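> Quick one: the structure is below, and I'll ask about it shortly.
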There are 2 protein chains.
Amino acid sequence: MSDPSEFEPVFHPRSVAIIGASNDATKFGGRTYSSLKARRFQGGLYAVNPSVTEVDGDRAYARVQDIQGPVDMAIVVVAAPHVVQTVADCAEKGVRAVQILTAGFRESGSAEGARWEDEIARIARRSGMRIVGPNCFGIYSPRSALTVLPGPDFPSEAGPVGLLAQSGGLVSFLVRRAIGLGIRFSKAVSYGNACDLNECDYLSCFGADAQTRMVGAYIEGVRDGRRLFEVARRTSLRKPIFIWKGGLTALGSRAVASHTASLGGSRRIWEGFLRQTGAIPVVGIDEMIDLMVGFLHLPDFRGRRISVVSGGGAITVAASDEVDGAGLSMPEFSKQTEKTLRALLPPSGNSVRNPLDTGPPIFLLPTVQPILEAVAASDRIDAVIVQHEVGSHSPDFVERAAQVIPSVHEASGKPFLVTMPAPTTSSDAMGVEMARRRYREWYLARGIPVFDTLHRAVRVLEAIIRYNEFLARRASRSRV
Amino acid sequence: MSDPSEFEPVFHPRSVAIIGASNDATKFGGRTYSSLKARRFQGGLYAVNPSVTEVDGDRAYARVQDIQGPVDMAIVVVAAPHVVQTVADCAEKGVRAVQILTAGFRESGSAEGARWEDEIARIARRSGMRIVGPNCFGIYSPRSALTVLPGPDFPSEAGPVGLLAQSGGLVSFLVRRAIGLGIRFSKAVSYGNACDLNECDYLSCFGADAQTRMVGAYIEGVRDGRRLFEVARRTSLRKPIFIWKGGLTALGSRAVASHTASLGGSRRIWEGFLRQTGAIPVVGIDEMIDLMVGFLHLPDFRGRRISVVSGGGAITVAASDEVDGAGLSMPEFSKQTEKTLRALLPPSGNSVRNPLDTGPPIFLLPTVQPILEAVAASDRIDAVIVQHEVGSHSPDFVERAAQVIPSVHEASGKPFLVTMPAPTTSSDAMGVEMARRRYREWYLARGIPVFDTLHRAVRVLEAIIRYNEFLARRASRSRV
């Protein structure tokens, strides 16, 4: 499956039937139906449930076959023993894609569950109908008003990120957390046991999808390593893919079997796999979201010469250790730049070498702008990272920085990154955290990526540079 | 210096003179004076400044020698060219300890600054007066109402953590961030260029201090490696010390020179140093604070057999990978425990193996307590980590967990840890973040450490176990 139009019924169905729709909001079937209705799904939306006549005031059909018009997609939430028959009904109706949220198949460890799952896959193969799941939270597709079960409130606007994960919890957690970082999704899928469509299909679909500019993937088990290798290699040439492989330890592999009935794998094989495909390895949700923020704002970044500007010596030391550890460089400024900076700072309590320690922010208000202009103007520097703390003790400086950084970024054309560690943890200090989030949103809206720590900012730059070097190597090879 | 009483005037002066006290709140001298006054410093507090007659309505002395009673400590904020004379005045007055906040000494790179610094050290040696700094934010000592320059609002209650750092920014950032995690300090010192008292002295002082149960140290340069080794080794046997060494890369080492005129050092030497002393290596503020939280609540933890309980398969896979990576184990439950758990959970969508995947929290309300009791009762398990998300979609479950976890912890006597990743980043979702912080405070107040991620929880357990194994090895060696 590589023609994106084949995925139309999966991500952009024109009509959806919820099989197992219910009036009980604590049940999957109640949640799913009310959620899709509230999101104003544009096509036909049908409730199927033989034990009631109405769901949420709408007619309930006894069987999917009773629906008059075409049904592109069915979302199945009936109990596991009824799923095979339901899927057979869907095939008879001519449904084109089925999301099976119900669990209790191969991952349960029971022979019966495994048999049901095989039967479902067989019906799919015979009919050409495609299956998402079973044992998943399904699909979030903002352009088509589909959302995962725990995401009734997910953004209705779409964005450039594709996300695929076996785990439904991961999809819903990641999408929700990414909201405040300006990340929006073209489509996201939680695909559970992957009895039909699997990681290769989704990756291939996202690779071909013009609305997806980068792909995040959380993969527990791989069904066809050779095919995944080919798909990943092809996709990497078109857009960056971030892969988090769960279950690479002995214990993790055991947990994978209980979760999605998949096979874990060996770390060594995976590392080789990733290196050869150009896919970017990540571990954890934070790292994956950081990469999304980075590639959103600096997709073409390739320089390695960084300047770090901050008010505080320990930060500049830590920044230097981080930059060095990531294989980036922090060139010394020219004598002329140092002289310009020297004239803009108090005589002591700071350092005009790179990293630039501006000293306590209280002294800095009038000179923030010329200082950043001087750094950005240096032809020895490819990108500027400004670290500042949003705290209660220097609000004027933070506000001034927020005015100046975007304007210097725009005037100089040079990438700026901001790092703003959370300065408080107490429930009494919510104002500080709100201010930090607002400033972050302010910067992000102006093309300036923001990270919690220098460590994370530097790791993202490193990954972007590596990816662009990979593309360049491939391009030069294909020219030969 | 190893007798803690020698440090009395440094951390617990009975009288303090601010030399350079000012009426201008934007200046160091204005901030320092008003801050100490507001904190109700109990002993004599004197303003010294020859150009004014009053500071903040109090008499200003022209010279420190003009003060009638004894002066235990002087805080010096005059401009760098005047510091040598001021220090000489202090020696003449019989001041016992001097904090020099002023910068512009060896770290500035000027020959003059280095000369001044040497002269200050010479006066200290001749007079027996001890110097903190120069180029620092000084001392936070809650029992004696002293605080660092950017910490006018620091907690007045004391706690069991000692903190030493060359960087003043680091001390103030770390103390402030730790507040909401229930961490309080016996004393903290930012010691800048360390022209007299240095890391060995402070570590030795904290080691002997009965009110300090653990020590965090951020060290840029080491003056006397041999002595630091001996002090660290001795101190490690009495309490855990967490050392973050800045400047271990070539770039970091260069930054260290600009910041506190210190020498960086080699990573290999440091790693050997730490291994032999039993000190715990850390990188970054997050890691250091995590260790403080861990050692506060689980100082004696030594088991390696962990159970992770969460509602979500990807989390259990990630947990397994983390536990394995940290050299901990996750034993399978006994058949009996699995049977008990099986009876408490819905038939599918979960896993009763360790890690325990309880499935979506909506199903779980009535059985949270017996589930956690069954896990805690297992004699195969030394500690239980519960991961749950404080989000808007399962408030009842989160509230129920908050009631149950502390009570099962207390009844079973088994350590519990909670991990609560931040589910939102948006400034529109402050309510969720506030709830998260309140639950965190709730757990911490009940002896249950909380971490943002499983990765961090597991790393802390690993460090605590290693430290206690180190103590046991030393004890068995000394018995031989």
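Labels used: A, B, ... for chains in the order of the structure tokens, numbers from 1 for residues in each chain, and numbers from 1 for ligands as shown.
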Got a sec: who's within 8 Å of Gly138 in chain B, counting only C-alpha atoms, leaving out chain neighbours fewer than 4 positions off, as a PyMOL selection string?
chain B and resi 99-101+132-133+147-149+168+189-191
> What residues in chain B lie within 7 Å of chain A, counting only C-alpha atoms, written as a PyMOL selection string?
chain B and resi 103-104+108+167+169-170+173+176-181+246-249+251-252+255-256+258-259+312-314+316-318+320-321+324+348-349+351+423-427+430+434+437-438
> For the selection you just gave me, I'd like the residues written to a file as a compact mmCIF listing (two decimals), in the first residue's frame, keeping N, CA and C atoms.

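Written output follows (result_37.txt):
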# COMPACT_ATOMS: atom_id res chain seq x y z
N ALA B 103 32.28 41.42 41.83
CA ALA B 103 33.06 40.72 40.81
C ALA B 103 34.12 41.66 40.27
N GLY B 104 34.97 41.14 39.36
CA GLY B 104 36.01 41.97 38.76
C GLY B 104 37.38 41.59 39.28
N SER B 108 38.03 38.13 35.74
CA SER B 108 37.89 39.14 34.68
C SER B 108 39.03 39.03 33.67
N SER B 167 28.76 28.88 41.57
CA SER B 167 27.86 29.81 40.88
C SER B 167 26.72 30.26 41.77
N GLY B 169 24.13 32.02 40.58
CA GLY B 169 22.90 31.80 39.83
C GLY B 169 22.36 30.39 40.05
N LEU B 170 23.28 29.45 40.11
CA LEU B 170 22.85 28.06 40.30
C LEU B 170 22.21 27.86 41.68
N PHE B 173 18.76 29.50 41.65
CA PHE B 173 17.81 28.77 40.81
C PHE B 173 17.40 27.46 41.47
N ARG B 176 15.20 27.83 44.67
CA ARG B 176 13.83 28.26 44.35
C ARG B 176 13.04 27.12 43.73
N ARG B 177 13.66 26.41 42.81
CA ARG B 177 12.92 25.34 42.16
C ARG B 177 12.59 24.20 43.13
N ALA B 178 13.44 24.00 44.12
CA ALA B 178 13.25 22.87 45.04
C ALA B 178 12.10 23.10 46.03
N ILE B 179 11.68 24.35 46.16
CA ILE B 179 10.67 24.68 47.18
C ILE B 179 9.44 23.78 47.07
N GLY B 180 8.88 23.69 45.88
CA GLY B 180 7.65 22.95 45.68
C GLY B 180 7.82 21.45 45.80
N LEU B 181 9.06 21.00 45.93
CA LEU B 181 9.31 19.57 46.09
C LEU B 181 9.62 19.22 47.54
N GLY B 246 31.33 20.85 36.56
CA GLY B 246 31.26 21.60 35.31
C GLY B 246 32.63 21.72 34.67
N GLY B 247 32.64 21.87 33.35
CA GLY B 247 33.90 22.14 32.65
C GLY B 247 34.72 20.91 32.36
N LEU B 248 34.07 19.77 32.15
CA LEU B 248 34.83 18.55 31.85
C LEU B 248 35.08 18.36 30.35
N THR B 249 34.59 19.28 29.52
CA THR B 249 34.93 19.24 28.10
C THR B 249 35.90 20.39 27.81
N LEU B 251 35.50 22.86 25.72
CA LEU B 251 34.78 24.14 25.71
C LEU B 251 34.35 24.54 27.12
N GLY B 252 33.89 23.56 27.89
CA GLY B 252 33.44 23.84 29.25
C GLY B 252 34.59 24.36 30.10
N ALA B 255 35.10 27.97 29.46
CA ALA B 255 34.08 28.80 30.09
C ALA B 255 34.32 28.94 31.59
N VAL B 256 34.80 27.85 32.20
CA VAL B 256 35.11 27.88 33.63
C VAL B 256 36.14 28.97 33.93
N SER B 258 36.60 31.76 32.40
CA SER B 258 35.98 33.08 32.35
C SER B 258 35.04 33.31 33.53
N HIS B 259 34.50 32.22 34.05
CA HIS B 259 33.47 32.39 35.08
C HIS B 259 34.06 32.54 36.47
N GLY B 312 -1.60 1.82 31.14
CA GLY B 312 -1.14 2.14 29.79
C GLY B 312 0.01 1.26 29.41
N GLY B 313 -0.10 0.63 28.26
CA GLY B 313 0.88 -0.35 27.86
C GLY B 313 2.23 0.24 27.51
N ALA B 314 2.23 1.38 26.81
CA ALA B 314 3.51 1.95 26.41
C ALA B 314 4.32 2.33 27.65
N THR B 316 4.28 0.82 30.51
CA THR B 316 4.89 -0.36 31.12
C THR B 316 6.07 -0.86 30.29
N VAL B 317 6.00 -0.70 28.99
CA VAL B 317 7.15 -1.09 28.15
C VAL B 317 8.33 -0.16 28.45
N ALA B 318 8.05 1.14 28.47
CA ALA B 318 9.11 2.10 28.77
C ALA B 318 9.67 1.85 30.16
N SER B 320 9.81 -0.94 31.76
CA SER B 320 10.63 -2.15 31.74
C SER B 320 12.01 -1.85 31.15
N ASP B 321 12.01 -1.10 30.05
CA ASP B 321 13.31 -0.74 29.46
C ASP B 321 14.15 0.06 30.46
N ASP B 324 15.38 -2.20 33.44
CA ASP B 324 16.44 -3.07 32.96
C ASP B 324 17.73 -2.27 32.78
N SER B 348 -10.18 -7.85 29.90
CA SER B 348 -9.14 -7.56 28.91
C SER B 348 -8.79 -6.08 28.94
N GLY B 349 -7.78 -5.71 28.12
CA GLY B 349 -7.33 -4.32 28.08
C GLY B 349 -6.37 -4.01 29.21
N SER B 351 -2.95 -6.00 31.89
CA SER B 351 -2.05 -7.13 32.05
C SER B 351 -1.71 -7.28 33.53
N PRO B 423 1.20 16.75 31.91
CA PRO B 423 0.40 16.39 30.74
C PRO B 423 0.12 17.57 29.82
N THR B 424 0.37 18.77 30.28
CA THR B 424 0.06 19.92 29.44
C THR B 424 1.23 20.89 29.39
N THR B 425 1.25 21.69 28.33
CA THR B 425 2.27 22.72 28.19
C THR B 425 1.65 24.08 27.91
N SER B 426 0.36 24.10 27.69
CA SER B 426 -0.29 25.32 27.25
C SER B 426 -0.60 26.26 28.40
N SER B 427 -0.57 27.54 28.13
CA SER B 427 -0.93 28.52 29.17
C SER B 427 -2.43 28.52 29.43
N MET B 430 -3.60 25.83 32.92
CA MET B 430 -2.91 25.99 34.19
C MET B 430 -3.57 25.19 35.31
N MET B 434 -1.67 23.01 38.06
CA MET B 434 -1.82 23.29 39.49
C MET B 434 -2.25 22.02 40.23
N ARG B 437 0.70 19.79 40.67
CA ARG B 437 1.61 20.24 41.73
C ARG B 437 1.01 19.98 43.12
N ARG B 438 -0.30 20.16 43.25
CA ARG B 438 -0.92 19.92 44.55
C ARG B 438 -0.87 18.45 44.92
> Mind checking DSSP for range 69-271 of chain A and telling me the strand (DSSP E) residues as a ChimeraX atom specification?
/A:73-76,97-100,130-132,138-140,161-165,185-190,214-219,241-245
> So how many Å separate CA of Trp244 in chain A and CA of Ile75 in chain A, to one decimal?
27.3 Å
> For range 88-97 of chain A, please output as a PyMOL selection string all residues within 9 Å (counting only C-alpha atoms; exclusion window: fewer than 5 positions along the same chain).
chain A and resi 7+9-10+13+63-67+70-75+83+120+123-124+126-132
> From a backbone DSSP assignment, name each residue in range 370-431 of chain B labelled helix (DSSP H, G or I), as number ranges by chain.
B: 370-377, 395-412, 427-431
> Considering only C-alpha atoms, return as number ranges by chain whatever protein or nucleic-acid residues lie within 7 Å of Phe451 in chain B, sequence-local ones (same chain, fewer than 2 positions apart) excluded.
B: 418-420, 449, 453, 456-457
> If you keep N, CA and C atoms, can you produce a file of those selected residues as a short mmCIF file (atom, residue, chain, number, x, y, z; two decimals), in the first residue's frame?

data_model
loop_
_atom_site.label_atom_id
_atom_site.label_comp_id
_atom_site.auth_asym_id
_atom_site.auth_seq_id
_atom_site.Cartn_x
_atom_site.Cartn_y
_atom_site.Cartn_z
N VAL B 418 5.85 7.75 43.13
CA VAL B 418 4.84 8.13 42.14
C VAL B 418 5.53 8.90 41.03
N THR B 419 5.18 8.58 39.79
CA THR B 419 5.67 9.41 38.67
C THR B 419 4.47 10.06 38.00
N MET B 420 4.57 11.38 37.84
CA MET B 420 3.47 12.15 37.26
C MET B 420 4.03 13.10 36.21
N PRO B 449 8.03 9.90 47.45
CA PRO B 449 8.71 10.75 46.49
C PRO B 449 8.01 10.75 45.13
N THR B 453 9.26 11.71 35.55
CA THR B 453 9.26 10.58 34.61
C THR B 453 9.79 9.32 35.29
N ARG B 456 13.55 9.13 35.45
CA ARG B 456 14.19 9.82 36.57
C ARG B 456 13.99 9.06 37.88
N ALA B 457 12.83 8.50 38.10
CA ALA B 457 12.59 7.73 39.33
C ALA B 457 13.55 6.55 39.43
#
> Have a look at B:Val52, B:Ala279, B:Ala121, B:Ile243 and name the one nearest to Phe470 in chain B; count only C-alpha atoms.
B:Ala279
> Which is closer to Ala145 in chain B than all the others in B:Glu157, B:Asp224, B:Glu8, B:Glu373, using only C-alpha atoms?
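Of the candidates, the smallest distance to Ala145 in chain B is held by B:Glu157.
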> Identify, on the basis of only C-alpha atoms, every residue whose closest approach to Lys414 in chain B does not exceed 12 Å; exclude the query and any residue fewer than 4 positions from it along the same chain; express the result as an mmCIF file with N, CA, C and O atoms, in the first residue's frame.

data_model
loop_
_atom_site.group_PDB
_atom_site.id
_atom_site.type_symbol
_atom_site.label_atom_id
_atom_site.label_comp_id
_atom_site.auth_asym_id
_atom_site.auth_seq_id
_atom_site.Cartn_x
_atom_site.Cartn_y
_atom_site.Cartn_z
ATOM 1 N N LEU B 298 13.766 8.067 50.834
ATOM 2 C CA LEU B 298 14.167 6.649 50.827
ATOM 3 C C LEU B 298 15.664 6.506 51.091
ATOM 4 O O LEU B 298 16.374 5.851 50.325
ATOM 5 N N PHE B 301 17.095 2.803 51.156
ATOM 6 C CA PHE B 301 16.574 1.811 50.214
ATOM 7 C C PHE B 301 17.705 0.971 49.614
ATOM 8 O O PHE B 301 18.725 1.490 49.194
ATOM 9 N N ARG B 302 17.502 -0.350 49.576
ATOM 10 C CA ARG B 302 18.537 -1.215 49.031
ATOM 11 C C ARG B 302 18.008 -2.305 48.127
ATOM 12 O O ARG B 302 18.797 -3.022 47.511
ATOM 13 N N GLY B 303 16.707 -2.497 48.057
ATOM 14 C CA GLY B 303 16.165 -3.563 47.219
ATOM 15 C C GLY B 303 16.312 -3.237 45.750
ATOM 16 O O GLY B 303 16.447 -2.083 45.385
ATOM 17 N N ARG B 305 14.213 -5.059 43.451
ATOM 18 C CA ARG B 305 13.079 -5.702 42.774
ATOM 19 C C ARG B 305 11.882 -4.752 42.754
ATOM 20 O O ARG B 305 11.272 -4.467 43.767
ATOM 21 N N ILE B 306 11.567 -4.278 41.578
ATOM 22 C CA ILE B 306 10.618 -3.185 41.416
ATOM 23 C C ILE B 306 9.344 -3.700 40.765
ATOM 24 O O ILE B 306 9.384 -4.549 39.884
ATOM 25 N N SER B 307 8.214 -3.148 41.199
ATOM 26 C CA SER B 307 6.993 -3.311 40.409
ATOM 27 C C SER B 307 6.560 -1.943 39.910
ATOM 28 O O SER B 307 6.613 -0.958 40.649
ATOM 29 N N LEU B 372 -3.345 -2.326 44.673
ATOM 30 C CA LEU B 372 -2.058 -1.881 45.223
ATOM 31 C C LEU B 372 -1.677 -2.703 46.453
ATOM 32 O O LEU B 372 -0.498 -2.981 46.681
ATOM 33 N N GLU B 373 -2.669 -3.115 47.220
ATOM 34 C CA GLU B 373 -2.365 -3.969 48.378
ATOM 35 C C GLU B 373 -1.776 -5.300 47.934
ATOM 36 O O GLU B 373 -0.818 -5.792 48.533
ATOM 37 N N ALA B 374 -2.344 -5.868 46.870
ATOM 38 C CA ALA B 374 -1.833 -7.155 46.386
ATOM 39 C C ALA B 374 -0.389 -7.017 45.915
ATOM 40 O O ALA B 374 0.455 -7.882 46.178
ATOM 41 N N VAL B 375 -0.093 -5.921 45.215
ATOM 42 C CA VAL B 375 1.276 -5.722 44.727
ATOM 43 C C VAL B 375 2.229 -5.525 45.907
ATOM 44 O O VAL B 375 3.299 -6.146 45.981
ATOM 45 N N ALA B 376 1.814 -4.662 46.842
ATOM 46 C CA ALA B 376 2.694 -4.369 47.990
ATOM 47 C C ALA B 376 2.904 -5.613 48.850
ATOM 48 O O ALA B 376 3.944 -5.774 49.489
ATOM 49 N N ALA B 377 1.911 -6.513 48.864
ATOM 50 C CA ALA B 377 2.026 -7.714 49.704
ATOM 51 C C ALA B 377 2.968 -8.748 49.108
ATOM 52 O O ALA B 377 3.405 -9.670 49.800
ATOM 53 N N SER B 378 3.294 -8.616 47.845
ATOM 54 C CA SER B 378 4.153 -9.623 47.203
ATOM 55 C C SER B 378 5.551 -9.588 47.818
ATOM 56 O O SER B 378 6.198 -8.535 47.854
ATOM 57 N N ASP B 379 6.020 -10.747 48.266
ATOM 58 C CA ASP B 379 7.367 -10.763 48.849
ATOM 59 C C ASP B 379 8.451 -10.791 47.773
ATOM 60 O O ASP B 379 9.632 -10.877 48.079
ATOM 61 N N ARG B 380 8.045 -10.708 46.526
ATOM 62 C CA ARG B 380 9.043 -10.627 45.444
ATOM 63 C C ARG B 380 9.391 -9.186 45.091
ATOM 64 O O ARG B 380 10.194 -8.950 44.182
ATOM 65 N N ILE B 381 8.743 -8.232 45.751
ATOM 66 C CA ILE B 381 8.830 -6.824 45.345
ATOM 67 C C ILE B 381 9.371 -5.971 46.493
ATOM 68 O O ILE B 381 8.881 -6.051 47.616
ATOM 69 N N ASP B 382 10.394 -5.133 46.199
ATOM 70 C CA ASP B 382 10.953 -4.250 47.221
ATOM 71 C C ASP B 382 10.366 -2.840 47.188
ATOM 72 O O ASP B 382 10.393 -2.142 48.197
ATOM 73 N N ALA B 383 9.895 -2.405 46.041
ATOM 74 C CA ALA B 383 9.328 -1.050 45.948
ATOM 75 C C ALA B 383 8.351 -0.999 44.789
ATOM 76 O O ALA B 383 8.485 -1.740 43.814
ATOM 77 N N VAL B 384 7.374 -0.132 44.929
ATOM 78 C CA VAL B 384 6.321 -0.014 43.924
ATOM 79 C C VAL B 384 6.362 1.398 43.332
ATOM 80 O O VAL B 384 6.364 2.387 44.072
ATOM 81 N N ILE B 385 6.408 1.477 42.021
ATOM 82 C CA ILE B 385 6.312 2.766 41.341
ATOM 83 C C ILE B 385 4.944 2.839 40.673
ATOM 84 O O ILE B 385 4.599 1.968 39.873
ATOM 85 N N ILE B 405 -2.810 5.452 47.820
ATOM 86 C CA ILE B 405 -1.362 5.171 47.796
ATOM 87 C C ILE B 405 -0.708 5.419 49.162
ATOM 88 O O ILE B 405 -0.006 4.537 49.672
ATOM 89 N N PRO B 406 -0.938 6.579 49.785
ATOM 90 C CA PRO B 406 -0.291 6.763 51.094
ATOM 91 C C PRO B 406 -0.748 5.746 52.127
ATOM 92 O O PRO B 406 0.058 5.286 52.956
ATOM 93 N N SER B 407 -2.013 5.337 52.067
ATOM 94 C CA SER B 407 -2.469 4.412 53.105
ATOM 95 C C SER B 407 -1.898 3.015 52.877
ATOM 96 O O SER B 407 -1.508 2.333 53.828
ATOM 97 N N VAL B 408 -1.818 2.569 51.627
ATOM 98 C CA VAL B 408 -1.198 1.264 51.356
ATOM 99 C C VAL B 408 0.298 1.304 51.690
ATOM 100 O O VAL B 408 0.858 0.357 52.246
ATOM 101 N N HIS B 409 0.920 2.414 51.359
ATOM 102 C CA HIS B 409 2.340 2.595 51.705
ATOM 103 C C HIS B 409 2.541 2.436 53.209
ATOM 104 O O HIS B 409 3.418 1.698 53.662
ATOM 105 N N GLU B 410 1.695 3.097 53.980
ATOM 106 C CA GLU B 410 1.872 3.061 55.423
ATOM 107 C C GLU B 410 1.551 1.675 55.988
ATOM 108 O O GLU B 410 2.301 1.152 56.813
ATOM 109 N N GLY B 447 5.502 11.173 52.617
ATOM 110 C CA GLY B 447 6.656 10.280 52.521
ATOM 111 C C GLY B 447 6.789 9.539 51.209
ATOM 112 O O GLY B 447 7.500 8.535 51.117
ATOM 113 N N ILE B 448 6.096 10.027 50.181
ATOM 114 C CA ILE B 448 6.147 9.350 48.883
ATOM 115 C C ILE B 448 6.824 10.262 47.860
ATOM 116 O O ILE B 448 6.274 11.284 47.480
#
